[in-house]
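Inspection log for the structure reproduced underneath, given as structure tokens.
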Amino acid sequence: MPLNDEMRRLGGRWGTGSGWPKRLRWIEIDGIRGWHRERIEFNYPITAIVGENGVGKSTILQCAAAVYAPTDRETTSGRYASDFFPDTAWERIRLAEIRFQVRDGNTERPGRINRPSDRWRGNRERPERHVEYYDLSRVTPVSGRPGFSRLAKSEHTEVGASPFDQKRLARYSQVMGRAYEGARASVTNFDDRRPVPVLQWDHAQFSSFHQGSGETTVFELLQADVPPTGLLVIDEIETSLHPKVQRRLIGEIARMCRERDLQVILTTHSATILDELPPEARVFVLPQPGARRIIYGVSPEYAMSSMDDVPHYECDLFVEDMRAKIMLTELLTAADSDMARQCQVIPAGAASVCTTLGLMVGENKFPRPTRVFLDGDQGGAYGCHVLPGDDAPEPVVFKALAELNWAGLDVRVGRALSDVIDACRGAMTLTNHHDWVGSAASRLSVGTEMLWNLMCSEWVKRCVADETLTEIRESVADALRGQRWRLPAARETKRSIVRGESSQTIGTAAQLLPLFSAEVGA
């Protein structure tokens, strides 16, 4: 899904390499809640940590917040590792360490706080930065928060308020999708330390005692005046918010980051939130026996499928993107339609994500049958297969069908052959092959995904050799039988995967099952 305007503007400014003079580069956690020196890098102003419950997402947020001392040493709002990781009757924190690296102006500064025995050390040497930390207590109804129920039952009157100015009120209305007439944090004569959100809408006003929790949550997030270069930490940002509000809120956060040089670290289980972020903003924490694997740039589809057991596919096939997913689905359907129904094809993200998953396949780290297919332009990688062709899916399919003068595609699309030829040849003149399908689909007045499905179907039927389909089927069948991925026997002979008289050679066994030296597979 295309990024919203605010996220695109944020990415544009981030890409200049300027701004964000205060930045947490990475943290490394050891000896806390099962972490063993795993490192988490923060490669974008907004970083979304995603993973199953209990994998350690909140621990990452707490460690990040504990890295910094408050900017005002006299304030009591600073947080310490001891606040987040106390000793209890059931746990004793010993030999714990949080290592980190921060940017402070033009200086890159490493640091650590640790607890070798009974006390945390290194707090005095922490860098200073304003940190706003929002845990799940923010979604507790106001009536259930300490002191507020007494306030509601008391005789009280409003004695002061901090109203939203027009800009903030407009942003709140935009995020919530409703035109509010006013919003303020009100204090009473009963307790001036507990402000109560009050909203005006449709010529009536409602305090947070009578609001939805989503309204109060967004109010309190937007009310916070995080100063420039601050760090905003939010646990499970989507809680109590429906998808439209989630999209608008993440756009508003992107605007705040761009305008104030803020850094935001959040956790989520929401595909909607991940879909609004670029790949460099997504970090997946994958649990493994005795360790965690940190995967960067995952797709929302990969993240969600990794955290869900429904539907009950028997085999996971990872590819780079949706174009590769459709290509592999058509290939496997042609090879064995029953087997295709057993498999879930999942766009995982960048090639680097797929190669990481391939390593896990090679090491037999997945609990269920899994294979990884890279695009043809990636060559080989340990634990991975390669889709037919020596290029990305779009050039492979377009060029093969072009040699056949697009025969058959006109019937499938329901357009005149001359129109199909003009649209597809015109698309191939574009510099970026990712734009080819969309351009041709637009000129033919058909859906982009539908056109690509039909193109892949025609390509498989007319261009792909039976031997290639057999190799794909066997690689998936091996996974379903529980066989480990292994280095294939070397095959020297190339062959054309194009039927008929064409001489184009866009697929080889060596590409489909990449060859490696014995040392790589050791």
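Each chain of the structure tokens is named A, B, ... in the order shown, its residues numbered from 1; ligands are numbered from 1 in display order.
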
Q: Within segment 133-358 of chain A, find each residue whose DSSP state, derived from the backbone, is strand (DSSP E), and express the selection as JSON, numbers by chain.
A: {"A": [133, 134, 158, 159, 160, 161, 162, 163, 182, 183, 184, 185, 186, 187, 188, 196, 197, 198, 199, 200, 201, 204, 205, 206, 207, 231, 232, 233, 234, 263, 264, 265, 266, 267, 268, 282, 283, 284, 285, 286, 287, 288, 291, 292, 293, 294, 295, 296, 315, 316, 317, 318, 319, 343, 344, 345, 346, 347]}

Q. Just asking: which residues within segment 171-377 of chain A are helix (DSSP H, G or I) according to DSSP, as a ChimeraX atom specification?
A. /A:171-176,208-210,213-223,243-260,271-275,279-281,300-306,322-335,337-342,351-362,376-377

Q) Using only C-alpha atoms, which residues sit within 9 Å of Pro227 of chain A once same-chain residues fewer than 2 positions away are excluded, as a list in words? A)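 My list of contacting residues is His130, Asp225, Thr229, Gly230, Leu231, Arg260 and Leu262 of chain A.
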
Which residues of segment 3-35 of chain A come within 9 Å of segment 44-58 of chain A, and for each one, what is the closest pair of atoms and their distance in Å to one decimal, counting only C-alpha atoms, sorted by chain and residue number, as JSON lines?
{"residue": "A:Leu10", "atom": "CA", "partner": "A:Pro45", "partner_atom": "CA", "distance": 8.3}
{"residue": "A:Gly11", "atom": "CA", "partner": "A:Tyr44", "partner_atom": "CA", "distance": 8.5}
{"residue": "A:Trp14", "atom": "CA", "partner": "A:Tyr44", "partner_atom": "CA", "distance": 7.7}
{"residue": "A:Trp20", "atom": "CA", "partner": "A:Pro45", "partner_atom": "CA", "distance": 8.1}
{"residue": "A:Arg23", "atom": "CA", "partner": "A:Pro45", "partner_atom": "CA", "distance": 8.4}
{"residue": "A:Arg33", "atom": "CA", "partner": "A:Gly56", "partner_atom": "CA", "distance": 7.5}
{"residue": "A:Gly34", "atom": "CA", "partner": "A:Gly56", "partner_atom": "CA", "distance": 8.4}
{"residue": "A:Trp35", "atom": "CA", "partner": "A:Gly56", "partner_atom": "CA", "distance": 8.0}

Q. Could you pull the residues within 7 Å of segment 167-177 of chain A, counting only C-alpha atoms, minus those fewer than 3 positions along the same chain, as JSON, numbers by chain?
A. {"A": [164, 180, 182, 183, 245, 248, 249]}

Could you turn the residues from that selection into a file that holds C-alpha atoms, as a JSON list (two decimals), in the first residue's frame?
[["chain", "number", "residue", "atom", "x", "y", "z"],
["A", 164, "PHE", "CA", -6.15, 22.70, 22.69],
["A", 180, "TYR", "CA", -14.74, 18.51, 17.59],
["A", 182, "GLY", "CA", -13.26, 22.07, 21.62],
["A", 183, "ALA", "CA", -10.89, 19.96, 23.72],
["A", 245, "VAL", "CA", -7.80, 6.04, 13.48],
["A", 248, "ARG", "CA", -4.42, 8.76, 10.84],
["A", 249, "LEU", "CA", -2.56, 8.60, 14.16]]

Q | Polymer residues at most 9 Å from Tyr134 of chain A, only C-alpha atoms, same-chain spacing of 6 or more positions, as an MDAnalysis selection string | A | chainID A and resid 221 232:235 237

Limited to N, CA, C and O atoms, could you put the picked residues into a file as a PDB file, in the first residue's frame?
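Below you can see part25.pdb, which holds the result:
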ATOM      1  N   LEU A 221      -2.176  11.442  23.987  1.00  0.00           N
ATOM      2  CA  LEU A 221      -0.984  11.395  23.136  1.00  0.00           C
ATOM      3  C   LEU A 221      -0.722  12.750  22.486  1.00  0.00           C
ATOM      4  O   LEU A 221       0.422  13.221  22.440  1.00  0.00           O
ATOM      5  N   LEU A 232       9.811   9.448  22.014  1.00  0.00           N
ATOM      6  CA  LEU A 232       8.450   9.061  22.355  1.00  0.00           C
ATOM      7  C   LEU A 232       8.362   7.540  22.274  1.00  0.00           C
ATOM      8  O   LEU A 232       8.664   6.943  21.232  1.00  0.00           O
ATOM      9  N   VAL A 233       7.975   6.905  23.374  1.00  0.00           N
ATOM     10  CA  VAL A 233       7.926   5.448  23.474  1.00  0.00           C
ATOM     11  C   VAL A 233       6.481   5.044  23.764  1.00  0.00           C
ATOM     12  O   VAL A 233       5.889   5.518  24.736  1.00  0.00           O
ATOM     13  N   ILE A 234       5.910   4.176  22.908  1.00  0.00           N
ATOM     14  CA  ILE A 234       4.494   3.822  23.023  1.00  0.00           C
ATOM     15  C   ILE A 234       4.334   2.316  22.930  1.00  0.00           C
ATOM     16  O   ILE A 234       4.742   1.698  21.939  1.00  0.00           O
ATOM     17  N   ASP A 235       3.733   1.724  23.934  1.00  0.00           N
ATOM     18  CA  ASP A 235       3.482   0.283  23.935  1.00  0.00           C
ATOM     19  C   ASP A 235       2.109   0.007  23.330  1.00  0.00           C
ATOM     20  O   ASP A 235       1.110   0.609  23.735  1.00  0.00           O
ATOM     21  N   ILE A 237       0.486   0.643  20.321  1.00  0.00           N
ATOM     22  CA  ILE A 237      -0.112   1.910  19.915  1.00  0.00           C
ATOM     23  C   ILE A 237      -1.541   1.750  19.427  1.00  0.00           C
ATOM     24  O   ILE A 237      -2.359   2.667  19.543  1.00  0.00           O
TER      25      ILE A 237
END

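Neighbouring residues of segment 400-409 of chain A at 9 Å or closer, counting only C-alpha atoms and skipping chain neighbours under 2 positions away, are Pro395, Val396, Val397, Phe398, Val411, Arg412, Val413, Gly414, Arg415, Leu417, Val420, Ile421, Cys424, Arg425, Leu454, Met455, Glu458, Trp459, Arg462, Cys463, Val498, Ser502, Gln504 and Ile506 of chain A.
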
Limited to N, CA, C and O atoms, could you put the picked residues into a file as a compact mmCIF listing (two decimals), in the first residue's frame?
# COMPACT_ATOMS: atom_id res chain seq x y z
N PRO A 395 10.39 -8.10 -15.55
CA PRO A 395 11.13 -8.27 -16.80
C PRO A 395 11.09 -9.69 -17.35
O PRO A 395 11.03 -9.88 -18.57
N VAL A 396 11.13 -10.68 -16.47
CA VAL A 396 11.09 -12.07 -16.93
C VAL A 396 9.81 -12.34 -17.71
O VAL A 396 9.82 -12.87 -18.83
N VAL A 397 8.68 -11.97 -17.14
CA VAL A 397 7.38 -12.26 -17.76
C VAL A 397 7.16 -11.38 -18.98
O VAL A 397 6.75 -11.86 -20.05
N PHE A 398 7.40 -10.08 -18.86
CA PHE A 398 7.17 -9.18 -19.99
C PHE A 398 8.01 -9.59 -21.20
O PHE A 398 7.51 -9.64 -22.33
N VAL A 411 -6.84 -12.27 -25.38
CA VAL A 411 -8.07 -13.02 -25.08
C VAL A 411 -8.33 -13.05 -23.58
O VAL A 411 -9.48 -12.87 -23.13
N ARG A 412 -7.29 -13.27 -22.80
CA ARG A 412 -7.45 -13.33 -21.35
C ARG A 412 -7.88 -11.99 -20.77
O ARG A 412 -8.70 -11.93 -19.85
N VAL A 413 -7.34 -10.91 -21.31
CA VAL A 413 -7.66 -9.57 -20.79
C VAL A 413 -8.96 -9.05 -21.36
O VAL A 413 -9.62 -8.20 -20.75
N GLY A 414 -9.34 -9.54 -22.54
CA GLY A 414 -10.55 -9.05 -23.18
C GLY A 414 -10.36 -7.72 -23.87
O GLY A 414 -11.27 -6.88 -23.89
N ARG A 415 -9.17 -7.52 -24.43
CA ARG A 415 -8.87 -6.29 -25.16
C ARG A 415 -8.28 -6.65 -26.52
O ARG A 415 -7.77 -7.76 -26.72
N LEU A 417 -5.76 -7.11 -29.48
CA LEU A 417 -4.34 -7.43 -29.42
C LEU A 417 -3.47 -6.20 -29.64
O LEU A 417 -2.45 -6.02 -28.97
N VAL A 420 -3.23 -4.34 -26.44
CA VAL A 420 -2.36 -5.04 -25.49
C VAL A 420 -0.90 -4.81 -25.85
O VAL A 420 -0.06 -4.53 -24.98
N ILE A 421 -0.57 -4.92 -27.12
CA ILE A 421 0.81 -4.72 -27.57
C ILE A 421 1.28 -3.31 -27.25
O ILE A 421 2.37 -3.10 -26.70
N CYS A 424 1.66 -2.81 -23.33
CA CYS A 424 2.75 -3.54 -22.70
C CYS A 424 4.11 -3.08 -23.21
O CYS A 424 5.06 -2.94 -22.42
N ARG A 425 4.21 -2.83 -24.51
CA ARG A 425 5.48 -2.32 -25.02
C ARG A 425 5.76 -0.92 -24.48
O ARG A 425 6.92 -0.59 -24.17
N LEU A 454 -3.05 -12.55 -14.88
CA LEU A 454 -3.26 -13.10 -16.21
C LEU A 454 -1.95 -13.24 -16.97
O LEU A 454 -1.73 -14.22 -17.69
N MET A 455 -1.06 -12.27 -16.80
CA MET A 455 0.24 -12.35 -17.47
C MET A 455 1.04 -13.56 -16.97
O MET A 455 1.63 -14.30 -17.76
N GLU A 458 -0.47 -16.80 -18.36
CA GLU A 458 -0.11 -17.03 -19.75
C GLU A 458 1.38 -17.40 -19.88
O GLU A 458 1.75 -18.26 -20.68
N TRP A 459 2.21 -16.74 -19.10
CA TRP A 459 3.65 -17.04 -19.12
C TRP A 459 3.92 -18.48 -18.72
O TRP A 459 4.69 -19.19 -19.38
N ARG A 462 2.56 -20.88 -21.58
CA ARG A 462 3.18 -20.83 -22.89
C ARG A 462 4.71 -20.88 -22.86
O ARG A 462 5.34 -21.20 -23.87
N CYS A 463 5.31 -20.51 -21.73
CA CYS A 463 6.76 -20.29 -21.72
C CYS A 463 7.56 -21.19 -20.80
O CYS A 463 8.75 -21.40 -21.02
N VAL A 498 11.58 -21.80 -22.30
CA VAL A 498 10.58 -21.34 -23.24
C VAL A 498 10.29 -22.45 -24.24
O VAL A 498 11.19 -22.98 -24.87
N SER A 502 11.68 -20.47 -29.59
CA SER A 502 12.42 -19.35 -29.00
C SER A 502 13.72 -19.85 -28.39
O SER A 502 13.80 -20.93 -27.83
N GLN A 504 15.31 -18.07 -26.04
CA GLN A 504 15.54 -17.37 -24.77
C GLN A 504 15.76 -18.37 -23.65
O GLN A 504 15.00 -19.33 -23.49
N ILE A 506 15.82 -18.39 -19.78
CA ILE A 506 15.60 -17.56 -18.60
C ILE A 506 15.44 -18.42 -17.35
O ILE A 506 15.08 -17.93 -16.30

Q: For Ala324 of chain A, please output as a ChimeraX atom specification all residues within 8 Å (counting only C-alpha atoms; exclusion window: fewer than 4 positions along the same chain).
A: /A:319-320,328,347,375,393

Q | Counting only C-alpha atoms, the residue of A:Thr157, A:Asp118, A:Glu314, A:Gly358 that sits nearest Asp338 of chain A | A |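 Smallest separation from Asp338 of chain A among the options: A:Glu314.
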
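The space separating atom CA of Gln205 of chain A from atom CA of Glu158 of chain A comes to 13.4 Å.
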
Q.
Between A:Tyr302, A:Thr431, A:Trp485, A:Arg443, which residue has the minimum interatomic distance to Val361 of chain A, considering only C-alpha atoms?
A. A:Trp485

Q.
Please compute the atom CA of Pro300 of chain A-atom CA of Cys354 of chain A distance, one decimal, in Å.
A. 14.0 Å
